[in-house]
>>> print(open('final.cif').read())   # mmCIF, C-alpha atoms
data_work
#
loop_
_atom_site.label_atom_id
_atom_site.label_comp_id
_atom_site.auth_asym_id
_atom_site.auth_seq_id
_atom_site.Cartn_x
_atom_site.Cartn_y
_atom_site.Cartn_z
CA MET A 1 -50.92 -37.51 70.57
CA SER A 2 -53.22 -35.08 72.35
CA ALA A 3 -51.21 -31.88 72.54
CA PRO A 4 -51.09 -30.40 76.02
CA THR A 5 -52.82 -27.08 76.62
CA GLU A 6 -50.15 -24.48 75.96
CA THR A 7 -49.49 -20.93 75.00
CA PHE A 8 -47.86 -20.65 71.60
CA ALA A 9 -44.99 -18.21 71.89
CA LEU A 10 -41.55 -17.62 70.41
CA THR A 11 -38.35 -16.30 71.88
CA ASP A 12 -36.61 -13.33 70.27
CA GLU A 13 -34.04 -15.77 68.84
CA GLU A 14 -36.80 -17.89 67.30
CA ARG A 15 -38.51 -14.86 65.79
CA GLU A 16 -35.33 -14.20 63.85
CA LEU A 17 -35.79 -17.62 62.21
CA LEU A 18 -39.24 -16.82 60.80
CA PRO A 19 -39.70 -16.25 57.06
CA SER A 20 -39.33 -12.62 56.08
CA ASP A 21 -41.90 -10.83 53.94
CA SER A 22 -39.73 -11.56 50.90
CA ASP A 23 -39.55 -15.24 51.89
CA VAL A 24 -43.34 -15.38 52.08
CA ALA A 25 -43.57 -13.73 48.66
CA PHE A 26 -41.04 -16.27 47.29
CA TYR A 27 -43.17 -19.13 48.63
CA ALA A 28 -46.30 -17.64 47.06
CA GLU A 29 -44.57 -17.37 43.68
CA HIS A 30 -42.49 -20.55 43.61
CA GLY A 31 -44.53 -22.92 45.81
CA TRP A 32 -41.68 -23.92 48.12
CA TYR A 33 -39.34 -22.46 50.75
CA LEU A 34 -36.16 -23.59 52.52
CA SER A 35 -36.18 -22.45 56.13
CA LYS A 36 -33.44 -21.26 58.41
CA LYS A 37 -32.22 -23.72 61.07
CA LEU A 38 -35.40 -24.54 63.01
CA PHE A 39 -34.20 -27.64 64.87
CA THR A 40 -31.15 -27.95 67.10
CA ASP A 41 -28.57 -30.70 66.63
CA ARG A 42 -29.95 -32.30 69.78
CA GLU A 43 -33.46 -32.39 68.29
CA THR A 44 -32.34 -33.96 65.01
CA ALA A 45 -30.28 -36.52 66.97
CA LEU A 46 -33.41 -37.28 68.99
CA LEU A 47 -35.38 -37.84 65.79
CA ARG A 48 -32.70 -40.24 64.53
CA SER A 49 -32.63 -42.28 67.74
CA ALA A 50 -36.42 -42.28 68.13
CA SER A 51 -36.86 -43.47 64.56
CA GLU A 52 -34.51 -46.41 65.17
CA GLU A 53 -36.47 -47.31 68.31
CA PHE A 54 -39.65 -47.11 66.25
CA TYR A 55 -38.25 -49.49 63.64
CA ALA A 56 -37.19 -51.82 66.45
CA GLY A 57 -40.83 -52.02 67.55
CA ARG A 58 -41.27 -49.34 70.21
CA ARG A 59 -44.74 -47.73 70.26
CA ASP A 60 -46.23 -45.41 72.89
CA ARG A 61 -49.64 -46.25 71.42
CA VAL A 62 -50.82 -48.05 68.30
CA LEU A 63 -53.38 -47.08 65.72
CA PRO A 64 -56.81 -48.49 66.56
CA LYS A 65 -56.99 -49.88 63.02
CA HIS A 66 -55.01 -49.86 59.78
CA PRO A 67 -57.03 -48.35 56.92
CA ALA A 68 -56.58 -50.09 53.56
CA ARG A 69 -54.45 -47.31 52.06
CA LEU A 70 -52.21 -46.81 55.08
CA ALA A 71 -48.48 -46.60 54.28
CA TYR A 72 -46.89 -48.72 57.00
CA TRP A 73 -43.54 -50.49 56.60
CA THR A 74 -42.95 -53.67 58.61
CA PRO A 75 -39.71 -55.73 58.69
CA GLU A 76 -41.00 -58.49 56.44
CA LYS A 77 -41.19 -55.96 53.59
CA GLY A 78 -37.41 -55.89 53.46
CA ASP A 79 -34.85 -53.22 52.63
CA VAL A 80 -37.08 -50.98 50.55
CA GLN A 81 -37.96 -47.34 51.05
CA ARG A 82 -39.91 -47.25 54.31
CA HIS A 83 -43.01 -45.14 54.87
CA ASN A 84 -44.85 -45.16 58.21
CA ASP A 85 -47.89 -42.90 58.49
CA TYR A 86 -49.15 -41.46 61.79
CA VAL A 87 -45.71 -41.61 63.44
CA HIS A 88 -46.74 -38.52 65.43
CA TYR A 89 -49.54 -40.60 66.96
CA GLU A 90 -47.48 -43.70 67.75
CA SER A 91 -44.24 -42.07 69.03
CA ASP A 92 -44.40 -39.49 71.81
CA THR A 93 -40.73 -38.59 71.41
CA ILE A 94 -41.14 -37.78 67.73
CA ALA A 95 -44.42 -35.99 68.42
CA GLU A 96 -42.79 -33.72 70.99
CA VAL A 97 -40.15 -32.57 68.49
CA LEU A 98 -42.72 -32.04 65.73
CA ARG A 99 -44.89 -29.91 68.03
CA LYS A 100 -42.16 -27.27 68.30
CA PRO A 101 -44.06 -23.95 68.08
CA LEU A 102 -41.40 -22.43 65.82
CA LEU A 103 -42.19 -24.99 63.11
CA GLY A 104 -45.90 -24.22 63.36
CA ALA A 105 -45.23 -20.48 63.27
CA VAL A 106 -43.18 -20.78 60.08
CA ALA A 107 -46.01 -22.75 58.46
CA ALA A 108 -48.53 -20.15 59.65
CA ARG A 109 -46.49 -17.35 58.06
CA LEU A 110 -46.26 -19.21 54.75
CA ALA A 111 -49.93 -20.23 54.68
CA GLN A 112 -51.00 -16.83 56.03
CA ALA A 113 -53.11 -18.54 58.67
CA GLU A 114 -53.46 -18.05 62.41
CA GLN A 115 -53.86 -21.73 63.27
CA ILE A 116 -51.88 -24.71 62.02
CA ARG A 117 -52.72 -28.33 62.82
CA VAL A 118 -50.98 -31.56 61.94
CA PHE A 119 -52.75 -33.33 59.10
CA GLN A 120 -50.47 -36.35 58.69
CA SER A 121 -46.87 -37.38 59.37
CA THR A 122 -44.86 -40.04 57.58
CA LEU A 123 -41.57 -41.42 58.82
CA ILE A 124 -39.34 -42.16 55.80
CA ARG A 125 -36.15 -44.14 55.43
CA LYS A 126 -34.61 -44.34 51.96
CA PRO A 127 -31.88 -47.02 51.91
CA PRO A 128 -28.54 -46.45 50.14
CA ARG A 129 -29.57 -48.80 47.32
CA PRO A 130 -29.87 -46.82 44.07
CA GLU A 131 -31.01 -49.95 42.21
CA GLU A 132 -34.06 -50.37 44.49
CA PRO A 133 -37.16 -49.25 42.51
CA SER A 134 -38.96 -47.93 45.61
CA ASN A 135 -36.14 -45.42 46.12
CA VAL A 136 -37.53 -43.17 43.39
CA VAL A 137 -40.60 -41.11 44.31
CA PRO A 138 -42.48 -40.15 41.12
CA TRP A 139 -43.80 -36.64 40.49
CA HIS A 140 -47.00 -35.89 42.39
CA PHE A 141 -48.62 -33.16 44.44
CA ASP A 142 -50.14 -33.72 47.86
CA ARG A 143 -53.50 -32.02 47.26
CA ASP A 144 -54.44 -34.88 44.95
CA TYR A 145 -54.61 -37.18 47.98
CA TRP A 146 -56.51 -34.67 50.09
CA ALA A 147 -59.61 -34.27 47.94
CA THR A 148 -61.75 -34.60 51.08
CA SER A 149 -60.17 -31.43 52.51
CA THR A 150 -61.68 -28.00 51.91
CA SER A 151 -58.46 -25.98 52.22
CA GLU A 152 -56.21 -24.88 49.38
CA GLN A 153 -53.56 -23.58 51.81
CA MET A 154 -52.32 -26.89 53.20
CA LEU A 155 -48.58 -27.43 53.06
CA THR A 156 -45.88 -29.97 53.84
CA ALA A 157 -42.71 -29.67 55.89
CA PHE A 158 -40.00 -32.11 54.76
CA ILE A 159 -37.68 -32.63 57.73
CA PRO A 160 -34.47 -34.61 57.15
CA PHE A 161 -32.55 -35.74 60.24
CA HIS A 162 -29.17 -34.82 58.71
CA ASP A 163 -27.66 -32.89 55.81
CA CYS A 164 -29.63 -33.92 52.74
CA ASP A 165 -28.43 -33.28 49.19
CA GLU A 166 -29.14 -34.52 45.69
CA HIS A 167 -26.72 -37.44 46.14
CA MET A 168 -28.99 -38.72 48.95
CA GLY A 169 -32.11 -38.32 46.84
CA THR A 170 -33.34 -35.10 48.41
CA ILE A 171 -36.78 -33.72 47.69
CA THR A 172 -37.01 -31.95 44.32
CA MET A 173 -39.58 -29.26 43.52
CA VAL A 174 -41.13 -28.35 40.19
CA ASP A 175 -40.82 -24.60 40.50
CA GLY A 176 -44.09 -22.67 40.35
CA SER A 177 -46.20 -25.73 39.60
CA HIS A 178 -48.64 -24.96 42.44
CA ARG A 179 -50.14 -22.32 40.14
CA TRP A 180 -50.89 -24.77 37.33
CA LYS A 181 -54.39 -25.88 36.45
CA GLU A 182 -54.55 -29.67 36.67
CA LEU A 183 -55.68 -31.91 33.83
CA SER A 184 -57.93 -34.23 35.83
CA ARG A 185 -59.01 -33.79 39.43
CA ASP A 186 -59.50 -37.47 40.24
CA ALA A 187 -56.70 -39.03 38.19
CA VAL A 188 -54.47 -39.84 41.15
CA THR A 189 -56.56 -39.97 44.32
CA ALA A 190 -57.06 -43.73 44.03
CA ARG A 191 -53.34 -44.53 43.70
CA HIS A 192 -50.45 -43.99 46.10
CA PHE A 193 -47.62 -42.05 44.42
CA ALA A 194 -45.42 -45.17 44.60
CA GLU A 195 -47.79 -46.78 42.06
CA LEU A 196 -47.52 -43.99 39.49
CA GLY A 197 -44.18 -45.04 37.99
CA ARG A 198 -43.39 -43.73 34.51
CA ASP A 199 -46.89 -42.29 34.14
CA ALA A 200 -45.88 -39.45 36.47
CA GLU A 201 -43.28 -37.95 34.12
CA SER A 202 -45.75 -37.96 31.23
CA VAL A 203 -48.48 -36.35 33.35
CA LEU A 204 -46.04 -33.69 34.54
CA GLU A 205 -44.96 -32.80 30.99
CA ARG A 206 -48.51 -32.73 29.65
CA THR A 207 -49.72 -30.61 32.56
CA ALA A 208 -46.93 -28.10 32.06
CA GLU A 209 -47.65 -27.92 28.33
CA ALA A 210 -51.36 -27.37 28.96
CA ASN A 211 -50.45 -24.47 31.26
CA GLY A 212 -47.96 -22.94 28.82
CA ALA A 213 -45.21 -23.55 31.34
CA LYS A 214 -41.80 -25.21 31.43
CA VAL A 215 -40.83 -27.95 33.88
CA VAL A 216 -38.12 -26.47 36.10
CA LYS A 217 -36.85 -29.05 38.62
CA VAL A 218 -35.12 -27.72 41.74
CA PRO A 219 -33.38 -30.22 44.06
CA VAL A 220 -33.52 -28.69 47.55
CA VAL A 221 -30.22 -29.06 49.41
CA ILE A 222 -31.20 -29.09 53.08
CA PRO A 223 -28.64 -28.63 55.88
CA GLU A 224 -29.31 -30.49 59.12
CA GLY A 225 -31.94 -28.71 61.21
CA HIS A 226 -33.39 -26.81 58.25
CA VAL A 227 -36.78 -27.65 56.75
CA SER A 228 -38.13 -27.62 53.20
CA PHE A 229 -41.76 -26.45 52.95
CA HIS A 230 -43.96 -26.82 49.89
CA HIS A 231 -47.51 -25.87 48.93
CA CYS A 232 -50.06 -28.67 48.65
CA ARG A 233 -50.26 -28.20 44.86
CA THR A 234 -46.51 -28.10 44.17
CA TYR A 235 -45.32 -31.06 42.12
CA HIS A 236 -42.37 -32.79 43.78
CA GLY A 237 -40.53 -36.10 43.85
CA SER A 238 -37.12 -37.52 44.68
CA GLY A 239 -34.43 -39.66 43.13
CA ALA A 240 -32.44 -42.63 44.36
CA ASN A 241 -30.17 -42.50 47.38
CA ARG A 242 -26.66 -42.84 45.92
CA SER A 243 -24.84 -42.17 49.19
CA THR A 244 -23.52 -44.72 51.68
CA GLU A 245 -26.03 -43.82 54.42
CA PRO A 246 -29.83 -44.10 54.61
CA ARG A 247 -31.80 -40.92 54.00
CA ARG A 248 -33.92 -40.38 57.13
CA ALA A 249 -36.73 -37.85 57.25
CA ILE A 250 -40.29 -37.06 58.23
CA SER A 251 -42.82 -35.62 55.82
CA LEU A 252 -45.09 -33.55 58.06
CA HIS A 253 -48.32 -32.52 56.35
CA LEU A 254 -49.97 -29.47 57.86
CA GLN A 255 -53.45 -27.96 57.63
CA ASP A 256 -54.66 -24.47 58.39
CA GLY A 257 -57.34 -24.02 61.03
CA ALA A 258 -60.10 -23.52 58.45
CA ASN A 259 -59.63 -26.94 56.88
CA ALA A 260 -62.51 -29.41 57.25
CA TYR A 261 -63.90 -32.57 55.66
CA ARG A 262 -66.01 -32.40 52.50
CA ASP A 263 -67.67 -35.01 50.30
CA PHE A 264 -65.79 -35.25 47.00
CA PRO A 265 -67.42 -37.41 44.28
CA LEU A 266 -65.10 -39.12 41.82
CA SER A 267 -65.89 -39.81 38.16
CA ASP A 268 -66.89 -43.42 38.91
CA GLY A 269 -69.59 -42.26 41.32
CA THR A 270 -67.73 -43.17 44.51
CA LEU A 271 -66.54 -40.66 47.11
CA ALA A 272 -62.88 -39.86 47.63
CA ALA A 273 -61.57 -41.08 50.98
CA TYR A 274 -58.64 -40.42 53.28
CA ASN A 275 -57.27 -42.63 56.06
CA HIS A 276 -58.45 -40.14 58.69
CA ASP A 277 -62.03 -40.93 57.76
CA GLU A 278 -61.73 -44.31 59.52
CA LEU A 279 -59.82 -43.01 62.54
CA VAL A 280 -60.83 -39.54 63.68
CA ARG A 281 -63.84 -38.66 65.79
CA ARG A 282 -67.08 -37.51 64.16
CA ALA A 283 -68.04 -33.84 63.89
CA PRO A 284 -71.51 -32.87 65.20
CA HIS A 285 -73.07 -33.39 61.75
CA GLY A 286 -71.52 -36.86 61.46
CA THR A 287 -68.59 -36.25 59.10
CA PRO A 288 -64.92 -36.98 59.98
CA ASP A 289 -63.46 -34.26 62.21
CA TYR A 290 -60.09 -33.14 60.83
CA ALA A 291 -59.61 -31.10 64.02
CA ASP A 292 -59.58 -34.21 66.22
CA PRO A 293 -56.70 -33.42 68.66
CA GLU A 294 -55.76 -37.10 68.97
CA PHE A 295 -54.71 -37.29 65.33
CA CYS A 296 -54.57 -33.63 64.22
CA PRO A 297 -53.11 -31.63 67.11
CA VAL A 298 -52.63 -27.88 66.93
CA VAL A 299 -48.99 -26.83 66.48
CA TRP A 300 -49.59 -23.07 66.26
CA ASP A 301 -52.51 -20.89 67.34
CA GLY A 302 -52.71 -17.12 67.21
CA ALA A 303 -51.19 -14.30 65.26
CA VAL A 304 -47.56 -14.92 64.34
CA PRO A 305 -45.35 -12.23 65.92
CA PRO A 306 -43.46 -9.95 63.55
CA VAL A 307 -40.05 -11.06 62.41
CA ALA A 308 -37.43 -9.82 64.88
#
>>> encode(input="final.cif", output="structure tokens")
Amino acid sequence: MSAPTETFALTDEERELLPSDSDVAFYAEHGWYLSKKLFTDRETALLRSASEEFYAGRRDRVLPKHPARLAYWTPEKGDVQRHNDYVHYESDTIAEVLRKPLLGAVAARLAQAEQIRVFQSTLIRKPPRPEEPSNVVPWHFDRDYWATSTSEQMLTAFIPFHDCDEHMGTITMVDGSHRWKELSRDAVTARHFAELGRDAESVLERTAEANGAKVVKVPVVIPEGHVSFHHCRTYHGSGANRSTEPRRAISLHLQDGANAYRDFPLSDGTLAAYNHDELVRRAPHGTPDYADPEFCPVVWDGAVPPVA
């Protein structure tokens, strides 16, 4: 998914969709933000159809290898919650929608950065099966899986392809939790959040208590075309899909331009690792290059224009 050389610019209409100064302040205080309508109905319809083509086997390119911790649903895994990492690399149609400069500009405003790159993208399909254990996503925060990243300003855009409410198992934020001090830095990096189970609720409660805080859970009701953003340290999860339709979405993880790889030793003496480390090109000093345009294309570059 090498992004074409382009000038990042917004129309006057798009500038009106940027977060206001008060929106940016809300994000800084609460750790999450629900955008205005960033995607047209045509774009969300395109995401729906492209995702079905993806599940049917269409690929514009395939990953050169599958790292051990890659989340990658295949049909033999059955009607569980599906996660497919690197969908922006394997599907050009999905990649084109995700590269919309407006989305990158919103992220740049929230992160207060001049450059935003893709870090990861995961195509998600939560089936309408409330009894399916994989439907529930335990409490976690994304930074725990990005220990090899230097930035503390990374963020995630959760992009449903339709109206998404609590009945569908929408994303739920723990308000203000991005400001909490964590109990243990390497407690989760070795386990995917799907493996956390009941431990996650206990960790959340104990972390809140240690920070003198209360757990305030906010289900984010997202109209079609709108996007929920959250800080990389905001605890979040989601419940079962109790509707009659699958919940379809992409979780688009974003990094600011300053982010780079770092060695991060764990308590057992090993180094933390991320899937990129086996896929991206090497930087001049031999470490993984998290600015590799094949896997981490730029989606915004330059000062964000003032809100119209």
>>> resolve_selection(input="final.cif", expression="the PyMOL selection byres ((chain A and resi 135) around 8)", output="list of chain:residue names")
A:Val80, A:Gln81, A:Lys126, A:Pro127, A:Arg129, A:Pro130, A:Glu131, A:Glu132, A:Pro133, A:Ser134, A:Val136, A:Val137, A:Gly239, A:Ala240, A:Asn241
>>> resolve_selection(input="final.cif", expression="the PyMOL selection byres ((chain A and resi 214) around 12)", output="PyMOL selection string")
chain A and resi 174-177+180+204-213+215-217
>>> resolve_selection(input="final.cif", expression="the PyMOL selection byres ((chain A and resi 93-97) around 12)", output="PyMOL selection string")
chain A and resi 1-4+38-54+58-61+86-92+98-104+118+120-123+159+161+225+249-250+252+294-299
>>> closest_residue(input="final.cif", among="A:Tyr290, A:Trp73, A:Phe264, A:Trp32", to="Ala147 (chain A)", atoms="all atoms listed in the file")
A:Phe264
>>> residues_around(input="final.cif", residues="Asp165 (chain A)", least_positions_apart="6", cutoff="9 Å", atoms="all atoms listed in the file", output="list of chain:residue names")
A:Ile171, A:Pro219, A:Val220, A:Val221, A:Ile222, A:Pro223
>>> write_last_selection(input="final.cif", atoms="C-alpha atoms", output="PDB file, in the frame of the given file")
ATOM      1  CA  ILE A 171     -36.780 -33.720  47.690  1.00  0.00           C
ATOM      2  CA  PRO A 219     -33.380 -30.220  44.060  1.00  0.00           C
ATOM      3  CA  VAL A 220     -33.520 -28.690  47.550  1.00  0.00           C
ATOM      4  CA  VAL A 221     -30.220 -29.060  49.410  1.00  0.00           C
ATOM      5  CA  ILE A 222     -31.200 -29.090  53.080  1.00  0.00           C
ATOM      6  CA  PRO A 223     -28.640 -28.630  55.880  1.00  0.00           C
TER       7      PRO A 223
END
>>> atom_distance(input="final.cif", atom1="CA of Phe141 (chain A)", atom2="CA of Glu29 (chain A)")
16.3 Å
>>> closest_residue(input="final.cif", among="A:His236, A:His226, A:Arg125, A:Lys37", to="Tyr55 (chain A)", atoms="all atoms listed in the file")
A:Arg125
>>> residues_around(input="final.cif", residues="Glu13 (chain A)", least_positions_apart="2", cutoff="12 Å", atoms="all atoms listed in the file", output="list in words")
Ala9, Leu10, Thr11, Arg15, Glu16, Leu17, Leu18, Lys36, Lys37, Leu38, Leu102, Val307 and Ala308 of chain A
>>> atom_distance(input="final.cif", atom1="CA of Gly31 (chain A)", atom2="CA of Leu183 (chain A)")
18.7 Å
>>> residues_around(input="final.cif", residues="region 300-304 of chain A", least_positions_apart="6", cutoff="8 Å", atoms="all atoms listed in the file", output="PyMOL selection string")
chain A and resi 8+101+104-105+108-109+114-117
>>> write_last_selection(input="final.cif", atoms="C-alpha atoms", output="PDB file, keeping the file's coordinate frame")
ATOM      1  CA  PHE A   8     -47.860 -20.650  71.600  1.00  0.00           C
ATOM      2  CA  PRO A 101     -44.060 -23.950  68.080  1.00  0.00           C
ATOM      3  CA  GLY A 104     -45.900 -24.220  63.360  1.00  0.00           C
ATOM      4  CA  ALA A 105     -45.230 -20.480  63.270  1.00  0.00           C
ATOM      5  CA  ALA A 108     -48.530 -20.150  59.650  1.00  0.00           C
ATOM      6  CA  ARG A 109     -46.490 -17.350  58.060  1.00  0.00           C
ATOM      7  CA  GLU A 114     -53.460 -18.050  62.410  1.00  0.00           C
ATOM      8  CA  GLN A 115     -53.860 -21.730  63.270  1.00  0.00           C
ATOM      9  CA  ILE A 116     -51.880 -24.710  62.020  1.00  0.00           C
ATOM     10  CA  ARG A 117     -52.720 -28.330  62.820  1.00  0.00           C
TER      11      ARG A 117
END
>>> closest_residue(input="final.cif", among="A:His178, A:Lys65, A:Arg143, A:Arg281", to="Leu254 (chain A)", atoms="all atoms listed in the file")
A:Arg143
>>> atom_distance(input="final.cif", atom1="CA of Tyr274 (chain A)", atom2="CA of Gly286 (chain A)")
15.7 Å
>>> residues_around(input="final.cif", residues="Tyr72 (chain A)", least_positions_apart="3", cutoff="8 Å", atoms="only C-alpha atoms", output="list in words")
Arg82, His83, Asn84 and Asp85 of chain A
>>> residues_around(input="final.cif", residues="Ala283 (chain A)", least_positions_apart="3", cutoff="12 Å", atoms="all atoms listed in the file", output="MDAnalysis selection string")
chainID A and resid 260:262 277 280 286:292
>>> decode(input="final.cif", residues="region 217-247 of chain A", atoms="N, CA and C atoms", output="mmCIF file, in the first residue's frame")
data_model
loop_
_atom_site.group_PDB
_atom_site.id
_atom_site.type_symbol
_atom_site.label_atom_id
_atom_site.label_comp_id
_atom_site.auth_asym_id
_atom_site.auth_seq_id
_atom_site.Cartn_x
_atom_site.Cartn_y
_atom_site.Cartn_z
ATOM 1 N N LYS A 217 -17.664 3.785 32.404
ATOM 2 C CA LYS A 217 -17.719 3.154 31.087
ATOM 3 C C LYS A 217 -18.695 3.917 30.191
ATOM 4 N N VAL A 218 -18.213 4.305 29.004
ATOM 5 C CA VAL A 218 -19.027 5.098 28.082
ATOM 6 C C VAL A 218 -19.154 4.370 26.747
ATOM 7 N N PRO A 219 -20.297 3.711 26.489
ATOM 8 C CA PRO A 219 -20.512 3.122 25.158
ATOM 9 C C PRO A 219 -20.652 4.253 24.132
ATOM 10 N N VAL A 220 -19.902 4.183 23.049
ATOM 11 C CA VAL A 220 -19.920 5.246 22.049
ATOM 12 C C VAL A 220 -20.904 4.866 20.937
ATOM 13 N N VAL A 221 -21.983 5.593 20.830
ATOM 14 C CA VAL A 221 -22.975 5.361 19.779
ATOM 15 C C VAL A 221 -22.508 6.119 18.541
ATOM 16 N N ILE A 222 -22.227 5.379 17.474
ATOM 17 C CA ILE A 222 -21.551 5.945 16.306
ATOM 18 C C ILE A 222 -22.476 5.886 15.092
ATOM 19 N N PRO A 223 -22.956 7.025 14.594
ATOM 20 C CA PRO A 223 -23.742 7.007 13.361
ATOM 21 C C PRO A 223 -22.854 6.652 12.159
ATOM 22 N N GLU A 224 -23.469 6.102 11.127
ATOM 23 C CA GLU A 224 -22.716 5.730 9.933
ATOM 24 C C GLU A 224 -21.930 6.932 9.404
ATOM 25 N N GLY A 225 -20.666 6.702 9.066
ATOM 26 C CA GLY A 225 -19.813 7.751 8.529
ATOM 27 C C GLY A 225 -19.025 8.508 9.577
ATOM 28 N N HIS A 226 -19.429 8.378 10.847
ATOM 29 C CA HIS A 226 -18.701 9.019 11.936
ATOM 30 C C HIS A 226 -17.629 8.049 12.448
ATOM 31 N N VAL A 227 -16.677 8.577 13.188
ATOM 32 C CA VAL A 227 -15.539 7.784 13.639
ATOM 33 C C VAL A 227 -15.285 8.057 15.118
ATOM 34 N N SER A 228 -15.010 6.991 15.871
ATOM 35 C CA SER A 228 -14.630 7.127 17.271
ATOM 36 C C SER A 228 -13.106 7.037 17.375
ATOM 37 N N PHE A 229 -12.485 8.062 17.946
ATOM 38 C CA PHE A 229 -11.037 8.081 18.154
ATOM 39 C C PHE A 229 -10.745 7.876 19.638
ATOM 40 N N HIS A 230 -9.658 7.161 19.936
ATOM 41 C CA HIS A 230 -9.232 7.077 21.333
ATOM 42 C C HIS A 230 -7.712 7.064 21.441
ATOM 43 N N HIS A 231 -7.241 7.612 22.545
ATOM 44 C CA HIS A 231 -5.816 7.692 22.852
ATOM 45 C C HIS A 231 -5.270 6.296 23.090
ATOM 46 N N CYS A 232 -3.977 6.115 22.825
ATOM 47 C CA CYS A 232 -3.372 4.781 22.913
ATOM 48 C C CYS A 232 -3.360 4.215 24.331
ATOM 49 N N ARG A 233 -3.596 5.054 25.344
ATOM 50 C CA ARG A 233 -3.630 4.558 26.724
ATOM 51 C C ARG A 233 -5.051 4.496 27.303
ATOM 52 N N THR A 234 -6.050 4.740 26.491
ATOM 53 C CA THR A 234 -7.428 4.682 26.974
ATOM 54 C C THR A 234 -7.913 3.238 27.020
ATOM 55 N N TYR A 235 -8.325 2.792 28.193
ATOM 56 C CA TYR A 235 -8.917 1.460 28.296
ATOM 57 C C TYR A 235 -10.231 1.425 27.516
ATOM 58 N N HIS A 236 -10.444 0.341 26.783
ATOM 59 C CA HIS A 236 -11.675 0.181 26.016
ATOM 60 C C HIS A 236 -11.941 -1.305 25.808
ATOM 61 N N GLY A 237 -13.151 -1.618 25.413
ATOM 62 C CA GLY A 237 -13.555 -2.990 25.124
ATOM 63 C C GLY A 237 -14.895 -2.935 24.422
ATOM 64 N N SER A 238 -15.534 -4.081 24.265
ATOM 65 C CA SER A 238 -16.870 -4.089 23.653
ATOM 66 C C SER A 238 -17.611 -5.354 24.063
ATOM 67 N N GLY A 239 -18.936 -5.235 24.072
ATOM 68 C CA GLY A 239 -19.773 -6.358 24.457
ATOM 69 C C GLY A 239 -20.252 -7.152 23.255
ATOM 70 N N ALA A 240 -21.133 -8.090 23.520
ATOM 71 C CA ALA A 240 -21.652 -8.977 22.482
ATOM 72 C C ALA A 240 -22.544 -8.214 21.504
ATOM 73 N N ASN A 241 -22.616 -8.747 20.307
ATOM 74 C CA ASN A 241 -23.527 -8.217 19.292
ATOM 75 C C ASN A 241 -24.888 -8.888 19.473
ATOM 76 N N ARG A 242 -25.855 -8.135 19.979
ATOM 77 C CA ARG A 242 -27.197 -8.672 20.238
ATOM 78 C C ARG A 242 -28.205 -8.267 19.165
ATOM 79 N N SER A 243 -27.711 -7.723 18.063
ATOM 80 C CA SER A 243 -28.593 -7.348 16.965
ATOM 81 C C SER A 243 -28.774 -8.540 16.018
ATOM 82 N N THR A 244 -29.426 -8.287 14.899
ATOM 83 C CA THR A 244 -29.644 -9.349 13.909
ATOM 84 C C THR A 244 -28.662 -9.266 12.751
ATOM 85 N N GLU A 245 -27.755 -8.271 12.770
ATOM 86 C CA GLU A 245 -26.795 -8.076 11.695
ATOM 87 C C GLU A 245 -25.376 -8.106 12.240
ATOM 88 N N PRO A 246 -24.397 -8.526 11.442
ATOM 89 C CA PRO A 246 -23.008 -8.474 11.907
ATOM 90 C C PRO A 246 -22.545 -7.037 12.111
ATOM 91 N N ARG A 247 -21.701 -6.844 13.104
ATOM 92 C CA ARG A 247 -21.074 -5.538 13.307
ATOM 93 C C ARG A 247 -19.787 -5.520 12.492
#
